[in-house]
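Undergrad: Here you go, this is my_file26.cif (mmCIF, C-alpha atoms and all ligand atoms).
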```
data_entry
#
loop_
_atom_site.label_atom_id
_atom_site.label_comp_id
_atom_site.auth_asym_id
_atom_site.auth_seq_id
_atom_site.Cartn_x
_atom_site.Cartn_y
_atom_site.Cartn_z
CA MET A 11 107.95 115.99 126.57
CA THR A 12 107.09 116.09 122.87
CA ALA A 13 104.00 114.11 121.92
CA ALA A 14 104.67 111.25 119.52
CA PRO A 15 103.69 112.31 115.98
CA ALA A 16 100.76 110.52 114.43
CA SER A 17 102.43 109.58 111.18
CA LEU A 18 105.50 109.76 109.02
CA ASP A 19 105.87 113.17 107.36
CA ILE A 20 106.35 111.85 103.84
CA ASP A 21 107.06 115.31 102.37
CA PHE A 22 109.89 115.78 104.85
CA VAL A 23 111.20 112.29 104.06
CA ARG A 24 111.20 112.87 100.30
CA ALA A 25 112.82 116.28 100.70
CA GLN A 26 115.91 114.48 102.04
CA PHE A 27 116.36 112.54 98.76
CA PRO A 28 117.69 114.57 95.79
CA ALA A 29 116.43 111.84 93.42
CA PHE A 30 112.90 113.13 93.92
CA THR A 31 113.79 116.58 92.62
CA THR A 32 116.11 115.45 89.83
CA PRO A 33 114.48 116.32 86.48
CA GLU A 34 115.51 113.01 84.82
CA LEU A 35 113.66 111.13 87.56
CA ALA A 36 110.63 113.40 87.83
CA ASP A 37 107.56 111.21 87.68
CA TRP A 38 109.56 107.97 87.82
CA VAL A 39 108.29 105.55 90.45
CA HIS A 40 111.12 103.57 92.00
CA PHE A 41 109.61 100.25 93.06
CA GLU A 42 112.76 98.12 92.80
CA ASN A 43 114.11 99.18 96.18
CA ALA A 44 115.01 95.63 97.20
CA GLY A 45 117.61 95.88 94.40
CA GLY A 46 119.01 99.18 95.66
CA SER A 47 117.59 102.29 97.30
CA TYR A 48 117.86 106.01 96.64
CA VAL A 49 120.29 107.93 98.85
CA PRO A 50 119.58 110.98 101.05
CA SER A 51 121.61 114.22 100.97
CA GLN A 52 123.24 113.33 104.28
CA VAL A 53 125.03 110.41 102.57
CA ILE A 54 125.75 112.20 99.29
CA ASP A 55 127.24 115.18 101.18
CA LEU A 56 129.64 112.99 103.16
CA LEU A 57 130.66 111.07 100.07
CA THR A 58 131.26 114.29 98.11
CA LYS A 59 133.13 115.88 101.00
CA PHE A 60 135.38 112.83 101.28
CA TYR A 61 136.22 112.86 97.57
CA ARG A 62 136.72 116.63 97.52
CA THR A 63 138.78 117.11 100.63
CA THR A 64 140.13 113.87 102.07
CA LYS A 65 140.66 111.43 99.19
CA VAL A 66 144.11 110.36 100.33
CA GLN A 67 145.42 107.41 102.32
CA PRO A 68 143.58 107.84 105.65
CA TYR A 69 144.88 107.79 109.22
CA GLY A 70 147.93 110.00 108.63
CA PRO A 71 149.07 112.29 111.43
CA ALA A 72 147.81 115.57 109.94
CA GLY A 73 145.91 117.33 107.15
CA PRO A 74 143.54 115.46 104.84
CA ALA A 75 144.94 112.07 105.87
CA LYS A 76 144.00 112.75 109.49
CA ALA A 77 140.59 114.15 108.50
CA ALA A 78 139.92 111.07 106.33
CA GLY A 79 140.62 108.74 109.25
CA GLU A 80 138.39 110.82 111.50
CA ALA A 81 135.55 110.71 108.96
CA MET A 82 135.86 106.92 108.77
CA ASP A 83 136.05 106.56 112.54
CA ARG A 84 132.89 108.59 112.92
CA ALA A 85 131.06 105.91 110.88
CA ARG A 86 132.84 103.10 112.71
CA GLN A 87 131.45 104.50 115.95
CA LEU A 88 127.97 105.62 114.87
CA VAL A 89 126.94 102.60 112.82
CA PRO A 90 127.62 99.86 115.42
CA ALA A 91 125.78 101.95 118.04
CA THR A 92 122.65 101.87 115.88
CA LEU A 93 122.84 98.06 115.74
CA ASN A 94 123.41 97.80 119.49
CA ALA A 95 126.84 96.33 118.66
CA ALA A 96 130.32 97.22 119.85
CA ILE A 97 132.77 98.97 117.51
CA ASP A 98 134.94 95.84 117.24
CA GLU A 99 131.96 93.77 116.18
CA VAL A 100 131.26 95.47 112.83
CA HIS A 101 133.28 94.90 109.65
CA PHE A 102 132.85 97.05 106.55
CA GLY A 103 133.32 94.96 103.39
CA PRO A 104 132.55 95.29 99.68
CA SER A 105 129.24 93.39 99.68
CA THR A 106 127.24 90.84 101.60
CA SER A 107 128.15 88.11 99.09
CA GLN A 108 131.86 88.76 99.60
CA ASN A 109 131.44 89.02 103.36
CA THR A 110 129.86 85.55 103.54
CA TYR A 111 132.77 84.07 101.55
CA VAL A 112 135.31 85.59 103.92
CA LEU A 113 133.28 84.50 106.91
CA ALA A 114 133.00 80.91 105.61
CA ARG A 115 136.77 80.76 105.30
CA ALA A 116 137.27 82.20 108.76
CA LEU A 117 134.80 79.75 110.32
CA ARG A 118 136.01 76.53 108.64
CA PRO A 119 138.98 75.95 111.00
CA THR A 120 136.56 76.10 113.97
CA MET A 121 134.78 72.99 112.62
CA GLN A 122 135.72 69.31 112.30
CA ASP A 123 135.27 67.11 109.22
CA GLY A 124 131.76 65.67 109.31
CA ASP A 125 130.30 68.64 111.20
CA GLU A 126 127.09 69.99 109.76
CA VAL A 127 126.00 73.31 108.31
CA ILE A 128 122.33 74.05 107.67
CA VAL A 129 121.29 76.37 104.85
CA THR A 130 117.82 77.16 103.53
CA ASN A 131 116.44 77.23 100.02
CA GLN A 132 114.62 80.48 100.83
CA ASP A 133 117.74 82.63 100.95
CA HIS A 134 119.41 84.76 98.31
CA GLU A 135 122.38 82.75 97.02
CA ALA A 136 124.71 85.06 98.99
CA ASN A 137 123.76 83.19 102.17
CA ILE A 138 123.77 79.73 100.59
CA GLY A 139 126.59 79.37 98.06
CA SER A 140 129.54 80.11 100.31
CA TRP A 141 128.22 77.68 102.92
CA ARG A 142 127.37 74.94 100.42
CA ARG A 143 130.93 75.10 99.08
CA LEU A 144 132.14 74.03 102.52
CA ALA A 145 130.90 70.55 101.54
CA ASP A 146 134.06 70.34 99.38
CA THR A 147 136.14 70.66 102.54
CA GLY A 148 134.63 67.73 104.47
CA LEU A 149 131.57 69.32 106.07
CA THR A 150 128.04 68.02 105.59
CA VAL A 151 125.52 70.54 104.29
CA ARG A 152 121.82 70.05 105.06
CA GLU A 153 118.90 72.01 103.67
CA TRP A 154 116.08 73.54 105.68
CA SER A 155 113.46 73.63 102.92
CA VAL A 156 110.49 75.92 102.41
CA ASP A 157 106.90 74.79 102.23
CA PRO A 158 106.51 74.53 98.43
CA ASP A 159 102.97 75.93 98.56
CA THR A 160 103.88 79.16 100.33
CA GLY A 161 107.64 79.62 100.07
CA LEU A 162 107.76 79.92 103.87
CA LEU A 163 110.13 78.30 106.36
CA HIS A 164 108.84 76.60 109.51
CA THR A 165 110.96 76.45 112.64
CA GLU A 166 109.61 72.94 113.45
CA ASP A 167 111.39 71.70 110.31
CA LEU A 168 114.66 73.17 111.55
CA ALA A 169 114.07 71.50 114.93
CA ARG A 170 113.88 68.14 113.14
CA LEU A 171 117.04 68.81 111.11
CA ILE A 172 119.35 70.25 113.75
CA GLY A 173 121.50 67.83 115.73
CA ASP A 174 124.64 67.27 117.78
CA ARG A 175 126.92 67.79 114.79
CA THR A 176 125.29 71.02 113.65
CA ARG A 177 127.80 73.84 113.98
CA LEU A 178 126.14 76.55 111.90
CA VAL A 179 122.66 77.57 110.73
CA CYS A 180 122.33 80.20 107.98
CA VAL A 181 118.97 81.86 107.39
CA THR A 182 117.51 85.06 106.03
CA HIS A 183 115.71 87.56 108.27
CA ALA A 184 113.18 88.11 105.46
CA SER A 185 113.61 86.65 101.99
CA ASN A 186 114.00 89.05 99.07
CA LEU A 187 110.95 87.36 97.49
CA ALA A 188 108.77 85.84 100.22
CA ALA A 189 109.44 88.91 102.43
CA THR A 190 107.83 87.22 105.45
CA ILE A 191 109.83 87.82 108.63
CA ASN A 192 111.52 84.73 110.05
CA PRO A 193 111.41 84.53 113.88
CA ILE A 194 115.12 85.10 114.48
CA PRO A 195 115.13 85.14 118.34
CA GLU A 196 113.22 81.84 118.38
CA ILE A 197 115.58 80.32 115.80
CA ALA A 198 118.59 81.63 117.76
CA GLU A 199 117.33 79.94 120.91
CA LEU A 200 117.04 76.60 119.10
CA VAL A 201 120.44 76.97 117.42
CA HIS A 202 122.24 77.94 120.63
CA ARG A 203 120.59 75.06 122.54
CA HIS A 204 122.54 72.84 120.12
CA ASP A 205 125.75 74.80 120.68
CA ALA A 206 125.73 75.97 117.07
CA LEU A 207 126.10 79.48 115.62
CA LEU A 208 123.51 81.51 113.70
CA VAL A 209 124.22 83.56 110.56
CA VAL A 210 121.40 85.93 109.56
CA ASP A 211 121.16 87.62 106.16
CA GLY A 212 119.42 90.89 106.97
CA VAL A 213 119.75 92.45 103.51
CA SER A 214 116.02 92.44 102.79
CA TRP A 215 114.91 93.43 106.28
CA ALA A 216 117.44 96.08 107.35
CA PRO A 217 115.90 98.76 105.05
CA HIS A 218 112.64 98.45 106.99
CA ALA A 219 113.44 98.24 110.68
CA ALA A 220 115.83 99.06 113.49
CA ILE A 221 118.22 96.13 113.84
CA ASP A 222 119.15 95.25 117.41
CA VAL A 223 121.63 92.39 117.21
CA ARG A 224 121.48 91.75 120.96
CA ARG A 225 117.72 91.36 120.90
CA LEU A 226 117.95 89.10 117.84
CA ASP A 227 120.67 87.12 119.62
CA CYS A 228 122.32 86.06 116.36
CA ASP A 229 126.07 85.47 116.08
CA PHE A 230 126.45 87.08 112.65
CA TYR A 231 124.23 89.61 110.91
CA LEU A 232 124.89 90.81 107.37
CA TYR A 233 123.33 93.55 105.29
CA SER A 234 124.15 95.79 102.35
CA THR A 235 124.15 99.55 102.88
CA TYR A 236 123.30 100.26 99.24
CA LYS A 237 119.80 98.99 100.11
CA THR A 238 119.62 100.93 103.38
CA TYR A 239 119.97 104.40 101.80
CA GLY A 240 123.77 104.34 101.82
CA PRO A 241 126.83 103.69 99.63
CA HIS A 242 127.62 100.35 97.97
CA GLN A 243 129.03 98.25 100.75
CA GLY A 244 128.34 95.22 102.96
CA LEU A 245 128.28 95.29 106.76
CA LEU A 246 129.00 92.25 108.87
CA TYR A 247 128.23 92.08 112.58
CA THR A 248 130.07 89.31 114.46
CA ARG A 249 129.48 88.65 118.15
CA ARG A 250 132.75 89.55 119.89
CA SER A 251 133.14 86.24 121.74
CA VAL A 252 132.79 84.41 118.41
CA LEU A 253 135.12 86.78 116.54
CA ASP A 254 137.92 85.82 118.89
CA ARG A 255 137.65 82.18 117.72
CA LEU A 256 137.73 82.92 113.97
CA GLU A 257 140.78 82.54 111.79
CA ASN A 258 142.25 85.90 110.78
CA GLN A 259 141.54 86.66 107.09
CA GLY A 260 143.51 89.90 107.01
CA HIS A 261 147.27 90.40 106.73
CA TYR A 262 149.09 88.38 109.40
CA PHE A 263 150.55 91.52 110.98
CA ASN A 264 147.03 92.94 111.45
CA ALA A 265 145.78 89.84 113.28
CA ASP A 266 145.33 91.69 116.56
CA ARG A 267 143.10 94.35 114.96
CA PRO A 268 139.55 92.96 115.35
CA THR A 269 138.03 95.18 112.65
CA ALA A 270 140.63 94.00 110.10
CA LYS A 271 140.21 90.29 110.84
CA LEU A 272 137.39 89.74 108.33
CA THR A 273 138.40 92.49 105.87
CA PRO A 274 141.23 91.00 103.80
CA ALA A 275 141.60 94.14 101.68
CA GLY A 276 141.22 97.74 102.78
CA PRO A 277 137.57 98.83 102.64
CA ASP A 278 136.28 101.60 100.37
CA HIS A 279 137.33 104.54 102.55
CA ALA A 280 134.84 107.04 101.16
CA ALA A 281 131.99 104.53 101.43
CA VAL A 282 132.86 103.78 105.05
CA ALA A 283 132.86 107.51 105.87
CA ALA A 284 129.58 108.13 104.02
CA THR A 285 127.81 105.36 105.92
CA ALA A 286 127.62 107.77 108.85
CA GLY A 287 125.21 109.75 106.64
CA ILE A 288 122.59 107.00 107.01
CA VAL A 289 122.64 107.61 110.77
CA ASP A 290 122.55 111.38 110.20
CA TYR A 291 119.47 110.83 108.03
CA TYR A 292 117.72 108.74 110.70
CA GLN A 293 118.59 111.35 113.31
CA ALA A 294 117.17 114.12 111.11
CA LEU A 295 113.94 112.11 110.87
CA HIS A 296 113.97 111.61 114.62
CA ARG A 297 114.49 115.32 115.35
CA HIS A 298 111.80 116.31 112.85
CA HIS A 299 109.19 113.91 114.23
CA PHE A 300 110.00 113.89 117.94
CA GLY A 301 111.64 117.28 118.47
CA PRO A 302 114.96 118.10 120.12
CA SER A 303 113.50 117.58 123.61
CA ALA A 304 115.60 116.10 126.41
CA GLN A 305 113.58 112.93 126.22
CA ALA A 306 114.33 112.59 122.51
CA ALA A 307 118.01 113.44 122.93
CA ASP A 308 118.35 110.89 125.74
CA ARG A 309 117.21 108.03 123.55
CA SER A 310 120.01 105.68 122.52
CA PRO A 311 120.78 105.57 118.78
CA VAL A 312 119.05 102.21 118.50
CA ASP A 313 115.96 103.57 120.29
CA GLN A 314 115.88 106.68 118.10
CA ILE A 315 115.93 104.55 114.99
CA ALA A 316 113.32 102.23 116.46
CA ALA A 317 111.07 105.26 117.14
CA VAL A 318 111.50 106.41 113.52
CA TYR A 319 110.83 102.92 112.23
CA ASN A 320 107.56 102.69 114.20
CA LEU A 321 106.32 105.52 111.99
CA VAL A 322 107.86 103.85 108.94
CA ALA A 323 106.08 100.56 109.73
CA ALA A 324 102.64 102.19 109.69
CA HIS A 325 103.46 103.97 106.44
CA GLU A 326 104.84 100.82 104.78
CA GLU A 327 101.73 98.93 105.82
CA ALA A 328 99.60 101.61 104.18
CA LEU A 329 101.64 101.11 100.99
CA MET A 330 101.46 97.34 100.77
CA THR A 331 97.87 96.83 101.94
CA PRO A 332 96.09 98.11 98.79
CA LEU A 333 98.62 96.40 96.52
CA ILE A 334 98.37 93.00 98.19
CA GLU A 335 94.57 93.26 98.45
CA PHE A 336 94.39 94.09 94.74
CA LEU A 337 96.65 91.17 93.77
CA VAL A 338 94.77 88.72 95.99
CA ALA A 339 91.41 89.88 94.63
CA ARG A 340 92.70 89.28 91.08
CA GLY A 341 93.90 85.77 91.91
CA ALA A 342 97.61 86.56 91.48
CA ASP A 343 99.91 84.08 93.23
CA ILE A 344 101.84 85.98 95.90
CA VAL A 345 105.04 84.44 97.28
CA GLY A 346 105.02 84.15 101.08
CA SER A 347 102.21 85.28 103.32
CA PRO A 348 99.57 87.56 101.76
CA ASP A 349 99.13 89.09 105.24
CA THR A 350 99.35 92.89 104.92
CA SER A 351 100.72 93.51 108.41
CA ARG A 352 104.20 94.99 108.65
CA SER A 353 104.77 92.84 111.73
CA VAL A 354 104.52 89.83 109.40
CA ARG A 355 106.26 90.96 106.23
CA ALA A 356 108.30 93.61 104.45
CA PRO A 357 106.64 95.69 101.72
CA THR A 358 108.26 93.57 99.02
CA VAL A 359 105.62 91.80 96.98
CA ALA A 360 106.63 89.02 94.57
CA PHE A 361 103.94 87.37 92.49
CA THR A 362 102.98 85.75 89.22
CA SER A 363 99.81 86.23 87.24
CA ARG A 364 97.92 83.52 85.39
CA ARG A 365 96.95 86.06 82.71
CA THR A 366 100.14 87.86 81.74
CA ASP A 367 103.75 86.71 81.74
CA ASN A 368 106.33 88.34 83.97
CA ALA A 369 108.27 90.22 81.30
CA ALA A 370 105.10 91.73 79.82
CA ILE A 371 104.03 93.02 83.24
CA VAL A 372 107.41 94.64 83.84
CA GLU A 373 107.42 96.20 80.36
CA ALA A 374 103.92 97.59 80.77
CA LEU A 375 104.80 99.17 84.10
CA ALA A 376 108.02 100.60 82.72
CA ALA A 377 105.97 102.22 79.94
CA ALA A 378 103.86 103.79 82.70
CA GLY A 379 106.98 105.16 84.40
CA ILE A 380 107.15 102.53 87.14
CA GLY A 381 110.36 100.60 87.70
CA ILE A 382 109.91 97.01 88.91
CA GLY A 383 111.70 93.76 88.05
CA HIS A 384 111.21 90.09 87.26
CA GLY A 385 113.31 86.95 87.44
CA ASP A 386 114.72 84.88 90.28
CA PHE A 387 116.53 87.79 91.95
CA TYR A 388 119.43 85.42 92.78
CA ALA A 389 117.11 83.16 94.74
CA PRO A 390 116.82 80.42 92.06
CA ARG A 391 116.42 77.67 94.65
CA LEU A 392 113.32 79.38 96.05
CA VAL A 393 111.57 79.98 92.73
CA GLU A 394 112.37 76.37 91.81
CA ALA A 395 111.01 75.06 95.13
CA ILE A 396 107.72 76.90 94.74
CA GLY A 397 107.30 75.73 91.16
CA ARG A 398 107.90 79.02 89.36
CA PRO A 399 110.97 78.30 87.25
CA ALA A 400 110.32 81.39 85.11
CA GLY A 401 110.68 83.52 88.22
CA VAL A 402 108.36 86.13 89.63
CA VAL A 403 107.48 89.81 89.27
CA ARG A 404 108.69 91.89 92.21
CA ILE A 405 107.41 95.23 93.47
CA SER A 406 109.51 96.41 96.40
CA MET A 407 108.71 99.56 98.31
CA VAL A 408 110.32 101.49 101.15
CA HIS A 409 109.21 104.32 103.39
CA TYR A 410 109.83 107.13 100.85
CA ASN A 411 107.28 105.68 98.46
CA THR A 412 103.75 107.09 98.49
CA VAL A 413 100.22 105.74 98.40
CA ALA A 414 99.73 107.75 95.19
CA GLU A 415 102.58 105.77 93.61
CA VAL A 416 100.91 102.52 94.67
CA ASP A 417 97.66 103.73 93.10
CA ARG A 418 99.54 104.38 89.87
CA ALA A 419 100.96 100.86 89.93
CA ILE A 420 97.54 99.32 90.56
CA GLU A 421 96.10 101.32 87.67
CA ALA A 422 98.86 100.07 85.37
CA LEU A 423 98.42 96.48 86.59
CA ASP A 424 94.65 96.57 86.27
CA PRO A 425 94.39 95.41 82.62
CA LEU A 426 97.12 92.79 83.07
CA ILE A 427 96.38 90.82 86.24
C1 LIG B 1 118.42 88.99 100.61
C2 LIG B 1 119.72 89.33 99.95
N1 LIG B 1 120.85 88.84 100.46
C3 LIG B 1 122.04 89.11 99.93
C4 LIG B 1 122.15 89.90 98.82
C5 LIG B 1 123.51 90.16 98.24
O1 LIG B 1 123.98 91.40 98.62
P1 LIG B 1 125.31 91.98 97.94
O2 LIG B 1 124.91 92.51 96.61
O3 LIG B 1 125.74 93.05 98.89
O4 LIG B 1 126.28 90.88 97.84
C6 LIG B 1 121.01 90.44 98.23
C7 LIG B 1 121.11 91.29 97.03
O5 LIG B 1 120.18 91.53 96.31
C8 LIG B 1 119.76 90.14 98.82
O6 LIG B 1 118.61 90.61 98.30
#
```
Would you write out, as structure tokens, the structure that this file holds?

TA:
Amino acid sequence: MTAAPASLDIDFVRAQFPAFTTPELADWVHFENAGGSYVPSQVIDLLTKFYRTTKVQPYGPAGPAKAAGEAMDRARQLVPATLNAAIDEVHFGPSTSQNTYVLARALRPTMQDGDEVIVTNQDHEANIGSWRRLADTGLTVREWSVDPDTGLLHTEDLARLIGDRTRLVCVTHASNLAATINPIPEIAELVHRHDALLVVDGVSWAPHAAIDVRRLDCDFYLYSTYKTYGPHQGLLYTRRSVLDRLENQGHYFNADRPTAKLTPAGPDHAAVAATAGIVDYYQALHRHHFGPSAQAADRSPVDQIAAVYNLVAAHEEALMTPLIEFLVARGADIVGSPDTSRSVRAPTVAFTSRRTDNAAIVEALAAAGIGIGHGDFYAPRLVEAIGRPAGVVRISMVHYNTVAEVDRAIEALDPLI
């Protein structure tokens, strides 16, 4: 049996990402990962191969059409396995925002006029707007609101809001600004006790952890693969027993194809195929850190990714700890919990300073070769609720970032915060 490695081999990780050896990006620190991540060779190679050799209508009987279908099917098999989902339970769509719109339309006929949908004001608008619009169709929309002092949600508040007419609760796994992890299994238990369904936006959490939809016990889980080291695309998990009750949104003659039900148009074929490269990347990390031993090979895909993400968690904690401690020491106002534990939050740190305005901070860091952002990041209800109408500055890191990059950011922030 191979001994578990002590830590993430960051040199090996970075060697998988061509961006780090691209001359135009040499010395650039990418700290806007919550907006979109870099992509490893495993993904780029599959995308290139698809465009070079199989860019035809897929699923033909022979030649490139057959190979294209096989490349897509490989992703359709690998990706659900890493989520602990069945093949039929995962839809590949253009984006999370579009997937929620399709899902809202598919769910509406399962509800009666006067039924209730609960949304938060912590979410990105992608997991609010499509549900709020259902109010125009006779549903009642209620808001589970954050604590205005912290930007955090409390499950007790949901317990007070949820009732006999609640059919759906929509919440983020971790907000793209507050970044604190919401207790999804606990929320799912409460929601299911009321016979309602749970939609989880995992866009800001999926880049940081293995997602096991069975353990989370949610009915829908959405995330965007362009933030999880893959091509621009949205993935939607739907529990099979729930999928059967939804109205078909695809062509009527495809109604009996579960994976077409929530994909009204054909997906981006090349992007679907290249999504398998994310799994190839995780498996390369697993092999590198745990060895090709029988024990390692016997691990299920979800367990392999979980093993990799245990190493990632420790590394991400090492990244965010000095940054959060610096910001707290300087009296910056951090959104969400200032706890530095990765079991509490993602390494996305949104804040405002009483000394320097948001735009000036972002400009100063850009001048130092560090890419961060400011604004509401499409969560205007959250920045409003916490009294920061001008938005926040956001530094968002992932596992390929280094402690040296964090040191550079702290040095650049030092005269400003
Ligand atoms: C938390 C969160 N949810 C949803 C979205 C929307 O994702 P997409 O661009 O795939 O629609 C984003 C995008 O930034 C996000 O951060």

Undergrad: I'd like to know which of A:Pro241, A:Gly46, A:Pro268, A:Pro158 is closest to Asp254 (chain A), using only C-alpha atoms.

TA: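 Looking at the shortest contact to Asp254 (chain A), the residue is A:Pro268.
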
Undergrad: Is it possible to get the residues within 12 Å of (111.6, 101.5, 106.5) (coordinates as in the file, counting all atoms listed in the file) written as a VMD selection string?

TA: chain A and resid 18 20 23 43 to 44 47 214 to 221 237 to 239 292 295 315 to 327 329 352 355 to 358 406 to 411

Undergrad: Measuring atom to atom with all atoms listed in the file, identify which of A:Ala370, A:Leu392, A:Ala169, A:Ile197 is nearest to ligand LIG 1 (chain B).

TA: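 Of all the options, A:Leu392 lies closest to ligand LIG 1 (chain B).
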
Undergrad: Between CA of Ser17 (chain A) and CA of Ala91 (chain A), measure the distance and give it in Å to one decimal.

TA: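 Answer for the CA of Ser17 (chain A) to CA of Ala91 (chain A) separation: 25.5 Å.
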
Undergrad: Kindly indicate which residue among A:Ile420, A:Ala389, A:Ala29, A:Ala342 lies nearest to ligand LIG 1 (chain B), using only C-alpha atoms and all ligand atoms for the distances.

TA: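 Among the listed residues, A:Ala389 lies closest to ligand LIG 1 (chain B).
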
Undergrad: Which residues form the shell of 10 Å around ligand LIG 1 (chain B) when you count all atoms listed in the file, given as a ChimeraX atom specification?

TA: /A:43-46,103-110,132-138,181-187,189,210-216,232-237,242-245,387-389

Undergrad: Do you have the CA of Leu253 (chain A)-CA of Leu171 (chain A) distance handy?

TA: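 Interatomic distance, CA of Leu253 (chain A) to CA of Leu171 (chain A): 26.1 Å.
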
Undergrad: For region 171-243 of chain A versus region 140-149 of chain A, which residues have an atom no more than 12 Å away, and what is each residue's nearest atom pair and distance in Å rounded to one decimal, using only C-alpha atoms, chain-then-number order, as JSON lines?

TA:
```
{"residue": "A:Arg175", "atom": "CA", "partner": "A:Leu149", "partner_atom": "CA", "distance": 10.0}
{"residue": "A:Thr176", "atom": "CA", "partner": "A:Leu149", "partner_atom": "CA", "distance": 10.0}
{"residue": "A:Arg177", "atom": "CA", "partner": "A:Leu149", "partner_atom": "CA", "distance": 9.9}
{"residue": "A:Leu178", "atom": "CA", "partner": "A:Trp141", "partner_atom": "CA", "distance": 9.3}
{"residue": "A:Val179", "atom": "CA", "partner": "A:Trp141", "partner_atom": "CA", "distance": 9.6}
{"residue": "A:Cys180", "atom": "CA", "partner": "A:Trp141", "partner_atom": "CA", "distance": 8.2}
{"residue": "A:Val181", "atom": "CA", "partner": "A:Trp141", "partner_atom": "CA", "distance": 11.1}
{"residue": "A:Val209", "atom": "CA", "partner": "A:Trp141", "partner_atom": "CA", "distance": 10.4}
```

Undergrad: Build an axis-aligned box that encloses every atom of region 136-154 of chain A listed in the file, pad it by 4 Å on each side, and report its centre and edge lengths in Å to one decimal, as JSON.

TA:
```
{"center_x": 126.1, "center_y": 76.4, "center_z": 102.1, "size_x": 28.1, "size_y": 25.3, "size_z": 16.0}
```

Undergrad: Counting all atoms listed in the file, which residues have an atom no more than 9 Å from (125.1, 92.0, 116.8) in the file's coordinates? Please list them as a list in words.

TA: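 Residues found, by chain and rising number: Pro90, Leu93, Asn94, Ala95, Ala96, Glu99, Val100, Ile221, Asp222, Val223, Arg224, Arg225, Leu226, Asp227, Cys228, Asp229, Phe230, Tyr231, Leu246, Tyr247, Thr248, Arg249 and Arg250 of chain A.
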
Undergrad: As a PDB file with C-alpha atoms, in the frame of the given file, please: the residues near Pro332 (chain A) (cut-off 10 Å, all atoms listed in the file, same-chain neighbours under 4 positions excluded).

TA:
```
ATOM      1  CA  GLU A 327     101.730  98.930 105.820  1.00  0.00           C
ATOM      2  CA  ALA A 328      99.600 101.610 104.180  1.00  0.00           C
ATOM      3  CA  PHE A 336      94.390  94.090  94.740  1.00  0.00           C
ATOM      4  CA  LEU A 337      96.650  91.170  93.770  1.00  0.00           C
ATOM      5  CA  VAL A 338      94.770  88.720  95.990  1.00  0.00           C
ATOM      6  CA  THR A 350      99.350  92.890 104.920  1.00  0.00           C
ATOM      7  CA  VAL A 413     100.220 105.740  98.400  1.00  0.00           C
ATOM      8  CA  VAL A 416     100.910 102.520  94.670  1.00  0.00           C
ATOM      9  CA  ASP A 417      97.660 103.730  93.100  1.00  0.00           C
ATOM     10  CA  ILE A 420      97.540  99.320  90.560  1.00  0.00           C
TER      11      ILE A 420
END
```

Undergrad: So how many Å separate CA of His204 (chain A) and CA of Ile172 (chain A), to one decimal?

TA: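 CA of Ile172 (chain A) lies at a distance of 7.6 Å from CA of His204 (chain A).
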
Undergrad: Could you give me, as a list in words, the residues within 9 Å of Glu153 (chain A), counting all atoms listed in the file and dropping anything in the same chain fewer than 2 positions from it?

TA: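 Non-adjacent residues within range: Val127, Ile128, Val129, Thr130, Asn131, Val151, Ser155 and Leu171 of chain A.
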
Undergrad: Please write the residues from the selection above to a file, keeping C-alpha atoms, as a CSV table (one decimal), keeping the file's coordinate frame.

TA:
```csv
chain,number,residue,atom,x,y,z
A,127,VAL,CA,126.0,73.3,108.3
A,128,ILE,CA,122.3,74.0,107.7
A,129,VAL,CA,121.3,76.4,104.8
A,130,THR,CA,117.8,77.2,103.5
A,131,ASN,CA,116.4,77.2,100.0
A,151,VAL,CA,125.5,70.5,104.3
A,155,SER,CA,113.5,73.6,102.9
A,171,LEU,CA,117.0,68.8,111.1
```

Undergrad: Thr63 (chain A): which residues within 9 Å, counting all atoms listed in the file, same-chain residues fewer than 2 positions away excluded, as a JSON list (two decimals) with C-alpha atoms, in the coordinates of the input?

TA:
```
[["chain", "number", "residue", "atom", "x", "y", "z"],
["A", 58, "THR", "CA", 131.26, 114.29, 98.11],
["A", 59, "LYS", "CA", 133.13, 115.88, 101.00],
["A", 60, "PHE", "CA", 135.38, 112.83, 101.28],
["A", 61, "TYR", "CA", 136.22, 112.86, 97.57],
["A", 65, "LYS", "CA", 140.66, 111.43, 99.19],
["A", 66, "VAL", "CA", 144.11, 110.36, 100.33],
["A", 74, "PRO", "CA", 143.54, 115.46, 104.84],
["A", 77, "ALA", "CA", 140.59, 114.15, 108.50],
["A", 78, "ALA", "CA", 139.92, 111.07, 106.33]]
```

Undergrad: Could region 203-207 of chain A be completed with N, CA and C atoms and returned as a compact mmCIF listing (two decimals), in the coordinates of the input?

TA:
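What follows is the written file rebuild_5.txt:
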```
# COMPACT_ATOMS: atom_id res chain seq x y z
N ARG A 203 120.83 76.26 121.70
CA ARG A 203 120.59 75.06 122.54
C ARG A 203 121.42 73.88 122.01
N HIS A 204 121.73 73.90 120.71
CA HIS A 204 122.54 72.84 120.12
C HIS A 204 124.00 73.26 120.00
N ASP A 205 124.35 74.35 120.67
CA ASP A 205 125.75 74.80 120.68
C ASP A 205 126.25 75.18 119.29
N ALA A 206 125.34 75.57 118.43
CA ALA A 206 125.73 75.97 117.07
C ALA A 206 125.65 77.50 116.98
N LEU A 207 126.09 78.03 115.83
CA LEU A 207 126.10 79.48 115.62
C LEU A 207 125.06 79.84 114.55
```
